[in-house]
$ cat start37.cif   # mmCIF, C-alpha atoms
data_work
loop_
_atom_site.label_atom_id
_atom_site.label_comp_id
_atom_site.auth_asym_id
_atom_site.auth_seq_id
_atom_site.Cartn_x
_atom_site.Cartn_y
_atom_site.Cartn_z
CA MET A 217 82.26 117.19 129.40
CA LEU A 218 86.06 117.32 129.62
CA VAL A 219 87.74 114.85 127.24
CA LEU A 220 91.39 113.87 127.04
CA GLY A 221 92.28 112.99 123.43
CA LEU A 222 95.23 110.81 122.39
CA GLU A 223 96.53 110.54 118.80
CA THR A 224 99.14 107.90 117.84
CA SER A 225 98.14 106.72 114.36
CA CYS A 226 101.51 107.25 112.66
CA ASP A 227 104.50 109.47 113.43
CA GLU A 228 103.07 112.18 115.67
CA THR A 229 102.14 111.85 119.32
CA GLY A 230 99.26 114.20 120.05
CA VAL A 231 97.49 114.93 123.33
CA ALA A 232 94.74 117.49 123.98
CA LEU A 233 92.04 118.47 126.43
CA TYR A 234 88.68 119.57 125.00
CA ASP A 235 85.77 120.83 127.05
CA SER A 236 82.30 120.69 125.51
CA GLU A 237 81.46 124.10 126.98
CA ARG A 238 84.80 125.95 127.06
CA GLY A 239 86.36 124.53 123.91
CA LEU A 240 90.00 123.48 123.51
CA LEU A 241 91.89 124.00 126.77
CA ALA A 242 95.35 122.69 125.88
CA ASP A 243 97.12 120.58 123.28
CA ALA A 244 100.63 119.27 122.75
CA LEU A 245 102.31 117.46 119.87
CA PHE A 246 105.60 115.69 119.38
CA SER A 247 106.60 115.06 115.76
CA GLN A 248 108.92 112.19 114.88
CA ILE A 249 110.11 113.76 111.61
CA ASP A 250 113.75 113.95 112.71
CA LEU A 251 113.63 110.31 113.85
CA HIS A 252 112.38 109.00 110.50
CA ARG A 253 114.07 111.46 108.13
CA VAL A 254 117.30 109.48 108.03
CA TYR A 255 115.34 106.49 106.65
CA GLY A 256 113.39 108.52 104.09
CA GLY A 257 110.02 107.52 105.57
CA VAL A 258 108.22 106.24 108.63
CA VAL A 259 109.65 103.11 110.29
CA PRO A 260 106.65 101.56 112.12
CA GLU A 261 108.63 99.90 114.93
CA LEU A 262 110.50 103.11 115.73
CA ALA A 263 107.24 105.07 115.62
CA SER A 264 105.60 102.75 118.14
CA ARG A 265 108.52 102.90 120.53
CA ASP A 266 108.66 106.68 120.41
CA HIS A 267 104.93 106.94 121.14
CA VAL A 268 105.53 104.91 124.32
CA LYS A 269 108.31 107.31 125.29
CA ARG A 270 106.34 110.51 124.66
CA MET A 271 102.78 109.71 125.73
CA LEU A 272 102.83 110.15 129.51
CA PRO A 273 105.06 113.27 129.54
CA LEU A 274 102.72 114.91 127.01
CA ILE A 275 99.66 114.02 129.10
CA ARG A 276 101.30 115.59 132.16
CA GLN A 277 102.18 118.67 130.09
CA VAL A 278 98.64 119.15 128.82
CA LEU A 279 97.11 118.70 132.26
CA ALA A 280 99.50 121.26 133.70
CA GLU A 281 98.81 123.80 130.93
CA ALA A 282 95.06 123.44 131.45
CA HIS A 283 95.43 123.55 135.26
CA CYS A 284 93.54 120.26 135.48
CA THR A 285 94.00 117.03 137.38
CA PRO A 286 92.98 113.49 136.40
CA ALA A 287 89.95 113.90 138.67
CA ASP A 288 88.64 116.64 136.36
CA ILE A 289 88.60 114.43 133.25
CA ASP A 290 85.24 112.92 132.31
CA ALA A 291 86.29 110.64 129.43
CA LEU A 292 89.11 109.61 127.12
CA ALA A 293 89.17 109.51 123.32
CA TYR A 294 91.91 107.80 121.34
CA THR A 295 92.64 107.03 117.70
CA ALA A 296 91.55 103.45 117.02
CA GLY A 297 92.27 103.49 113.29
CA PRO A 298 93.07 103.61 110.50
CA GLY A 299 96.83 103.75 110.90
CA LEU A 300 99.90 101.72 111.86
CA VAL A 301 98.73 98.93 114.15
CA GLY A 302 101.69 99.12 116.51
CA ALA A 303 101.37 102.88 116.85
CA LEU A 304 97.60 102.67 117.35
CA LEU A 305 98.04 100.08 120.10
CA VAL A 306 100.15 102.49 122.14
CA GLY A 307 97.40 105.09 122.30
CA ALA A 308 94.63 102.51 122.76
CA SER A 309 96.46 100.72 125.58
CA CYS A 310 97.25 103.97 127.36
CA ALA A 311 93.68 105.25 127.04
CA GLN A 312 92.08 102.04 128.26
CA ALA A 313 94.52 101.74 131.17
CA LEU A 314 93.78 105.30 132.27
CA ALA A 315 90.04 104.79 131.81
CA LEU A 316 90.18 101.74 134.07
CA ALA A 317 92.34 103.51 136.66
CA TRP A 318 90.25 106.70 136.67
CA ASP A 319 86.91 104.86 136.33
CA ILE A 320 85.76 106.88 133.31
CA PRO A 321 84.62 105.85 129.81
CA ALA A 322 86.89 105.63 126.78
CA LEU A 323 86.08 105.73 123.08
CA GLY A 324 88.05 104.78 119.99
CA VAL A 325 87.87 107.52 117.34
CA HIS A 326 88.20 107.20 113.57
CA HIS A 327 91.34 109.07 112.51
CA MET A 328 89.82 110.52 109.32
CA GLU A 329 86.66 111.61 111.11
CA GLY A 330 88.98 113.54 113.41
CA HIS A 331 90.56 115.28 110.40
CA LEU A 332 87.15 115.92 108.85
CA LEU A 333 85.87 117.60 112.02
CA ALA A 334 89.08 119.55 112.78
CA PRO A 335 87.71 122.75 111.13
CA MET A 336 84.96 122.69 113.78
CA LEU A 337 87.63 123.88 116.23
CA GLU A 338 87.91 127.22 114.40
CA GLU A 339 85.98 130.41 115.16
CA GLN A 340 83.87 130.07 112.00
CA PRO A 341 83.11 126.35 111.66
CA PRO A 342 81.28 124.94 108.63
CA ALA A 343 77.60 124.03 108.83
CA PHE A 344 76.20 120.72 107.61
CA PRO A 345 75.80 119.63 104.87
CA PHE A 346 79.07 120.08 102.98
CA VAL A 347 81.51 118.27 100.72
CA ALA A 348 84.79 117.26 102.35
CA LEU A 349 88.09 116.70 100.59
CA LEU A 350 90.27 114.52 102.82
CA VAL A 351 93.87 114.72 101.62
CA SER A 352 96.68 113.18 103.63
CA GLY A 353 99.58 110.78 103.31
CA GLY A 354 97.26 107.81 103.38
CA HIS A 355 93.93 109.09 102.04
CA THR A 356 92.48 111.12 99.20
CA GLN A 357 88.69 111.06 99.41
CA LEU A 358 85.69 113.18 98.50
CA VAL A 359 82.85 112.73 100.98
CA ARG A 360 79.38 114.20 101.27
CA VAL A 361 78.83 115.07 104.94
CA ASP A 362 75.27 115.56 106.20
CA GLY A 363 76.18 115.30 109.89
CA ILE A 364 78.55 113.49 112.22
CA GLY A 365 78.54 109.88 111.11
CA GLN A 366 76.44 110.67 108.02
CA TYR A 367 79.03 110.15 105.32
CA GLN A 368 78.66 109.24 101.66
CA LEU A 369 81.88 108.40 99.84
CA LEU A 370 81.84 110.16 96.46
CA GLY A 371 85.28 109.20 95.19
CA GLU A 372 88.77 108.22 96.32
CA SER A 373 92.25 107.48 95.02
CA LEU A 374 92.69 104.20 93.19
CA ASP A 375 96.41 104.07 94.08
CA ASP A 376 98.66 106.62 95.79
CA ALA A 377 97.08 109.23 98.03
CA ALA A 378 97.98 112.84 97.23
CA GLY A 379 100.23 113.19 100.27
CA GLU A 380 101.89 109.89 99.49
CA ALA A 381 102.55 111.08 95.93
CA PHE A 382 104.17 114.26 97.28
CA ASP A 383 106.45 112.26 99.58
CA LYS A 384 107.40 109.66 96.97
CA THR A 385 108.03 112.25 94.28
CA ALA A 386 110.26 114.24 96.61
CA LYS A 387 112.23 111.12 97.45
CA LEU A 388 112.68 110.29 93.75
CA MET A 389 114.13 113.78 93.26
CA GLY A 390 116.53 113.41 96.19
CA LEU A 391 114.60 115.66 98.59
CA GLN A 392 114.40 114.97 102.30
CA TYR A 393 111.41 113.53 104.17
CA PRO A 394 108.66 114.67 104.53
CA GLY A 395 108.37 115.51 100.88
CA GLY A 396 105.22 117.64 100.80
CA PRO A 397 106.70 120.75 102.45
CA GLU A 398 109.89 120.35 100.39
CA ILE A 399 107.97 120.25 97.11
CA ALA A 400 105.94 123.29 98.17
CA ARG A 401 109.08 125.18 99.18
CA LEU A 402 110.81 124.56 95.85
CA ALA A 403 107.64 125.30 93.88
CA GLN A 404 107.68 128.87 95.19
CA GLN A 405 110.84 129.46 93.11
CA GLY A 406 109.64 127.53 90.06
CA THR A 407 109.18 128.94 86.56
CA PRO A 408 105.52 128.67 85.52
CA GLY A 409 104.91 126.91 82.23
CA ARG A 410 108.36 125.40 81.71
CA PHE A 411 107.01 121.89 82.25
CA LYS A 412 103.47 120.70 81.56
CA PHE A 413 102.33 117.67 83.55
CA PRO A 414 99.12 115.67 83.02
CA ARG A 415 96.04 116.08 85.22
CA PRO A 416 95.24 112.39 85.82
CA MET A 417 91.66 111.12 85.37
CA THR A 418 90.26 114.59 84.66
CA ASP A 419 89.52 113.77 81.01
CA ARG A 420 86.80 111.32 82.02
CA PRO A 421 83.70 111.59 84.20
CA GLY A 422 83.75 110.52 87.83
CA LEU A 423 85.28 111.51 91.14
CA GLU A 424 88.07 108.94 91.46
CA PHE A 425 91.73 109.92 91.72
CA SER A 426 95.01 108.38 90.56
CA PHE A 427 98.42 109.90 91.30
CA SER A 428 100.75 106.96 90.61
CA GLY A 429 101.17 107.85 86.93
CA LEU A 430 101.87 111.48 87.77
CA LYS A 431 104.64 110.36 90.11
CA THR A 432 106.19 108.30 87.28
CA PHE A 433 105.84 111.20 84.83
CA THR A 434 107.72 113.43 87.26
CA LEU A 435 110.50 110.87 87.67
CA ASN A 436 110.88 110.49 83.90
CA THR A 437 111.06 114.28 83.48
CA TRP A 438 113.70 114.61 86.19
CA GLN A 439 115.78 111.76 84.75
CA ALA A 440 115.54 113.24 81.24
CA CYS A 441 116.85 116.56 82.53
CA GLN A 442 119.69 114.82 84.33
CA ALA A 443 120.59 112.85 81.20
CA ALA A 444 120.77 116.13 79.30
CA GLY A 445 123.18 117.46 81.92
CA ASP A 446 120.63 119.74 83.55
CA ASN A 447 120.33 118.93 87.24
CA SER A 448 120.32 122.51 88.46
CA GLU A 449 118.39 123.70 91.47
CA GLN A 450 116.20 125.84 89.21
CA THR A 451 115.19 122.79 87.18
CA ARG A 452 114.32 121.00 90.41
CA CYS A 453 112.17 123.98 91.39
CA ASP A 454 110.47 124.06 87.98
CA ILE A 455 109.62 120.35 88.17
CA ALA A 456 108.34 120.76 91.73
CA LEU A 457 106.05 123.58 90.59
CA ALA A 458 104.74 121.55 87.64
CA PHE A 459 104.04 118.56 89.87
CA GLN A 460 102.36 120.59 92.59
CA GLN A 461 100.20 122.46 90.08
CA ALA A 462 99.12 119.17 88.47
CA VAL A 463 98.01 117.80 91.86
CA VAL A 464 96.29 121.06 92.83
CA ASP A 465 94.46 121.32 89.48
CA THR A 466 93.36 117.68 89.69
CA LEU A 467 91.99 118.09 93.20
CA THR A 468 90.27 121.35 92.26
CA ILE A 469 88.62 119.86 89.16
CA LYS A 470 87.29 116.91 91.16
CA CYS A 471 86.02 119.16 93.96
CA ARG A 472 84.17 121.30 91.41
CA ARG A 473 82.51 118.17 90.04
CA ALA A 474 81.55 117.00 93.52
CA LEU A 475 79.95 120.33 94.39
CA LYS A 476 77.98 120.34 91.13
CA GLN A 477 76.93 116.73 91.67
CA THR A 478 75.70 117.35 95.22
CA GLY A 479 74.34 120.84 94.68
CA LEU A 480 76.26 122.10 97.71
CA ASN A 481 78.43 125.21 97.97
CA SER A 482 80.45 124.52 101.12
CA LEU A 483 83.74 122.66 100.96
CA VAL A 484 85.90 121.40 103.82
CA ILE A 485 89.51 120.39 103.16
CA ALA A 486 91.27 118.40 105.86
CA GLY A 487 94.41 116.32 106.32
CA GLY A 488 98.09 117.15 105.99
CA VAL A 489 97.92 118.28 102.35
CA SER A 490 95.21 120.82 103.25
CA ALA A 491 98.02 122.99 104.66
CA ASN A 492 99.34 123.50 101.10
CA GLN A 493 98.81 127.18 100.30
CA ALA A 494 98.55 126.65 96.54
CA LEU A 495 95.71 124.17 97.09
CA ARG A 496 93.87 126.51 99.45
CA GLN A 497 94.12 129.41 97.01
CA SER A 498 92.94 127.30 94.08
CA LEU A 499 89.93 125.95 95.97
CA GLU A 500 89.00 129.38 97.32
CA HIS A 501 89.07 130.78 93.78
CA MET A 502 86.97 127.88 92.52
CA LEU A 503 84.37 128.31 95.28
CA GLY A 504 83.83 131.83 93.99
CA GLU A 505 81.98 130.23 91.08
CA PHE A 506 79.54 128.66 93.54
CA LYS A 507 79.34 131.75 95.77
CA GLY A 508 80.38 129.38 98.52
CA GLN A 509 83.16 129.02 101.05
CA VAL A 510 86.13 126.79 101.81
CA PHE A 511 86.73 125.76 105.41
CA TYR A 512 89.95 124.33 106.81
CA ALA A 513 91.76 123.97 110.10
CA ARG A 514 94.67 126.11 111.19
CA PRO A 515 98.02 124.69 109.95
CA ALA A 516 98.83 123.10 113.33
CA PHE A 517 95.63 121.06 113.13
CA CYS A 518 96.01 119.99 109.50
CA THR A 519 98.56 117.33 110.44
CA ASP A 520 97.79 114.61 112.98
CA ASN A 521 96.97 116.07 116.40
CA GLY A 522 95.23 115.29 119.65
CA ALA A 523 92.78 118.20 119.45
CA MET A 524 90.83 116.73 116.54
CA ILE A 525 90.58 113.37 118.34
CA ALA A 526 89.42 115.01 121.57
CA TYR A 527 86.77 117.01 119.70
CA ALA A 528 85.47 114.11 117.59
CA GLY A 529 85.45 111.84 120.63
CA CYS A 530 83.61 114.41 122.72
CA GLN A 531 80.76 114.64 120.20
CA ARG A 532 80.24 110.88 120.23
CA LEU A 533 80.68 110.56 124.00
CA LEU A 534 78.02 113.24 124.51
CA ALA A 535 75.73 111.09 122.37
CA GLY A 536 76.25 108.19 124.77
CA GLN A 537 78.80 106.18 122.82
CA HIS A 538 81.74 104.48 124.54
CA ASP A 539 83.75 101.29 124.25
CA ASP A 540 84.28 98.41 126.62
CA LEU A 541 87.75 97.84 128.07
CA ALA A 542 88.92 95.65 125.18
CA ILE A 543 91.90 97.09 123.30
CA LYS A 544 90.80 97.15 119.66
CA VAL A 545 92.44 98.96 116.74
CA GLN A 546 92.00 98.75 112.98
CA ALA A 547 94.65 99.36 110.34
CA ARG A 548 91.84 99.79 107.78
CA TRP A 549 88.45 101.22 108.71
CA PRO A 550 85.99 102.60 106.14
CA MET A 551 84.49 105.79 107.53
CA GLU A 552 81.06 104.91 106.16
CA GLN A 553 80.86 102.18 108.83
CA LEU A 554 80.62 104.77 111.60
CA PRO A 555 77.20 105.15 113.27
CA ALA A 556 75.37 108.41 112.76
CA LEU A 557 74.65 110.70 115.68
#
$ encode --input "start37.cif" --output "structure tokens"
Amino acid sequence: MLVLGLETSCDETGVALYDSERGLLADALFSQIDLHRVYGGVVPELASRDHVKRMLPLIRQVLAEAHCTPADIDALAYTAGPGLVGALLVGASCAQALALAWDIPALGVHHMEGHLLAPMLEEQPPAFPFVALLVSGGHTQLVRVDGIGQYQLLGESLDDAAGEAFDKTAKLMGLQYPGGPEIARLAQQGTPGRFKFPRPMTDRPGLEFSFSGLKTFTLNTWQACQAAGDNSEQTRCDIALAFQQAVVDTLTIKCRRALKQTGLNSLVIAGGVSANQALRQSLEHMLGEFKGQVFYARPAFCTDNGAMIAYAGCQRLLAGQHDDLAIKVQARWPMEQLPAL
């Protein structure tokens, strides 16, 4: 089955072609970072308009790269949520219009299921069951995964997601959007041990997260340094390192608990923050205790992309799932509501 996947949940327009037998044939992505950077964050109306502008040219590009025509496509998959409603509607409307015109089925895909399954696109994919750490700008969740659609939520953030905390902290320190890569860049030059930040909610049992207080602690530290006349670039790097290490340690501690609780030794990390090298190294070291393995997607597929939507959609379409022609999207959509395959 050849599936055209469309991703428009936030500020990246992604298109990909995935074949159930040949694998990923082509993918293309347009990032709106430059568009939103001047505002310090995503502007939903601008995001929606840019998706409209980019969608059809990207579809043409992907078809050309794969040497395919619309007649070759068997089905469409699109992100139906969670995400920005206006942005989601662009992809949903385009997919349903093409499905009607080409007389093929279409299926709305859960954005986080796409991220969770993105490592399946790699040469050495994980085998079920495993624990998944979903870390992005909008989600921080630990999930037990026994199969596609067989998800048990183990814990999640009670306030800011990890990626959101990175972005907000960077903004508070005067760094440009998106903040995650900026924090990681500065942290490489940081002095270990100069600042000691708390590891939130690690001094109590459970698998919940909270990063709002850590964000405030970082702001107070930065402001205290400025008040003392120290606003040097090195101090900024040292604070960035302390913040990043606090987030990495917190995520690692919670993942260790989840693996012990479930008795599993395979961990998948997915979402934009999974591209953070310090996090990957920490989790890989921790999995050594369990004689297990960490799985993650290549950096290009850690952020939002069409390939993960095409793959996730293909698995469900092969199982006989598809939607009617109604255009339906959901800003919020618990992943546990998805049917099992």
$ residues_near_point --input "start37.cif" --point "(111.0, 116.8, 93.7)" --cutoff "7 Å" --atoms "all atoms listed in the file" --output "list of chain:residue names"
A:Thr385, A:Ala386, A:Lys387, A:Leu388, A:Met389, A:Gly390, A:Leu391, A:Ile399, A:Arg452, A:Ile455, A:Ala456
$ write_last_selection --input "start37.cif" --atoms "C-alpha atoms" --output "mmCIF file, keeping the file's coordinate frame"
data_model
loop_
_atom_site.group_PDB
_atom_site.id
_atom_site.type_symbol
_atom_site.label_atom_id
_atom_site.label_comp_id
_atom_site.auth_asym_id
_atom_site.auth_seq_id
_atom_site.Cartn_x
_atom_site.Cartn_y
_atom_site.Cartn_z
ATOM 1 C CA THR A 385 108.030 112.250 94.280
ATOM 2 C CA ALA A 386 110.260 114.240 96.610
ATOM 3 C CA LYS A 387 112.230 111.120 97.450
ATOM 4 C CA LEU A 388 112.680 110.290 93.750
ATOM 5 C CA MET A 389 114.130 113.780 93.260
ATOM 6 C CA GLY A 390 116.530 113.410 96.190
ATOM 7 C CA LEU A 391 114.600 115.660 98.590
ATOM 8 C CA ILE A 399 107.970 120.250 97.110
ATOM 9 C CA ARG A 452 114.320 121.000 90.410
ATOM 10 C CA ILE A 455 109.620 120.350 88.170
ATOM 11 C CA ALA A 456 108.340 120.760 91.730
#
$ residues_around --input "start37.cif" --residues "segment 298-314 of chain A" --least-positions-apart "6" --cutoff "9 Å" --atoms "only C-alpha atoms" --output "PyMOL selection string"
chain A and resi 220-227+229+260-261+263-268+271-272+292+320-324+326-328+354+540-550
$ atom_distance --input "start37.cif" --atom1 "atom CA of Thr451 of chain A" --atom2 "atom CA of Asp383 of chain A"
18.5 Å
$ closest_residue --input "start37.cif" --among "A:Ala528, A:Cys518, A:Ala242, A:Met417" --to "His283 of chain A" --atoms "only C-alpha atoms"
A:Ala242
$ resolve_selection --input "start37.cif" --expression "the PyMOL selection byres ((chain A and resi 476-479) around 12)" --output "PyMOL selection string"
chain A and resi 345-348+358-362+368-371+421-423+469-475+480-483+502-503+505-506+508
$ write_last_selection --input "start37.cif" --atoms "C-alpha atoms" --output "JSON list (two decimals), in the frame of the given file"
[["chain", "number", "residue", "atom", "x", "y", "z"],
["A", 345, "PRO", "CA", 75.80, 119.63, 104.87],
["A", 346, "PHE", "CA", 79.07, 120.08, 102.98],
["A", 347, "VAL", "CA", 81.51, 118.27, 100.72],
["A", 348, "ALA", "CA", 84.79, 117.26, 102.35],
["A", 358, "LEU", "CA", 85.69, 113.18, 98.50],
["A", 359, "VAL", "CA", 82.85, 112.73, 100.98],
["A", 360, "ARG", "CA", 79.38, 114.20, 101.27],
["A", 361, "VAL", "CA", 78.83, 115.07, 104.94],
["A", 362, "ASP", "CA", 75.27, 115.56, 106.20],
["A", 368, "GLN", "CA", 78.66, 109.24, 101.66],
["A", 369, "LEU", "CA", 81.88, 108.40, 99.84],
["A", 370, "LEU", "CA", 81.84, 110.16, 96.46],
["A", 371, "GLY", "CA", 85.28, 109.20, 95.19],
["A", 421, "PRO", "CA", 83.70, 111.59, 84.20],
["A", 422, "GLY", "CA", 83.75, 110.52, 87.83],
["A", 423, "LEU", "CA", 85.28, 111.51, 91.14],
["A", 469, "ILE", "CA", 88.62, 119.86, 89.16],
["A", 470, "LYS", "CA", 87.29, 116.91, 91.16],
["A", 471, "CYS", "CA", 86.02, 119.16, 93.96],
["A", 472, "ARG", "CA", 84.17, 121.30, 91.41],
["A", 473, "ARG", "CA", 82.51, 118.17, 90.04],
["A", 474, "ALA", "CA", 81.55, 117.00, 93.52],
["A", 475, "LEU", "CA", 79.95, 120.33, 94.39],
["A", 480, "LEU", "CA", 76.26, 122.10, 97.71],
["A", 481, "ASN", "CA", 78.43, 125.21, 97.97],
["A", 482, "SER", "CA", 80.45, 124.52, 101.12],
["A", 483, "LEU", "CA", 83.74, 122.66, 100.96],
["A", 502, "MET", "CA", 86.97, 127.88, 92.52],
["A", 503, "LEU", "CA", 84.37, 128.31, 95.28],
["A", 505, "GLU", "CA", 81.98, 130.23, 91.08],
["A", 506, "PHE", "CA", 79.54, 128.66, 93.54],
["A", 508, "GLY", "CA", 80.38, 129.38, 98.52]]
$ closest_atom_pairs --input "start37.cif" --of "segment 487-520 of chain A" --to "segment 404-409 of chain A" --cutoff "12 Å" --atoms "all atoms listed in the file" --output "JSON lines"
{"residue": "A:Asn492", "atom": "CA", "partner": "A:Gln404", "partner_atom": "CA", "distance": 11.5}
{"residue": "A:Gln493", "atom": "CA", "partner": "A:Gln404", "partner_atom": "CA", "distance": 10.4}
{"residue": "A:Ala494", "atom": "CA", "partner": "A:Gln404", "partner_atom": "CA", "distance": 9.5}
$ write_last_selection --input "start37.cif" --atoms "C-alpha atoms" --output "mmCIF file, keeping the file's coordinate frame"
data_model
loop_
_atom_site.group_PDB
_atom_site.id
_atom_site.type_symbol
_atom_site.label_atom_id
_atom_site.label_comp_id
_atom_site.auth_asym_id
_atom_site.auth_seq_id
_atom_site.Cartn_x
_atom_site.Cartn_y
_atom_site.Cartn_z
ATOM 1 C CA ASN A 492 99.340 123.500 101.100
ATOM 2 C CA GLN A 493 98.810 127.180 100.300
ATOM 3 C CA ALA A 494 98.550 126.650 96.540
#
$ closest_residue --input "start37.cif" --among "A:Asp419, A:Asp446, A:Glu424, A:Asp243" --to "Leu467 of chain A" --atoms "only C-alpha atoms"
A:Glu424
$ atom_distance --input "start37.cif" --atom1 "atom CA of Asp288 of chain A" --atom2 "atom CA of Ala513 of chain A"
27.4 Å
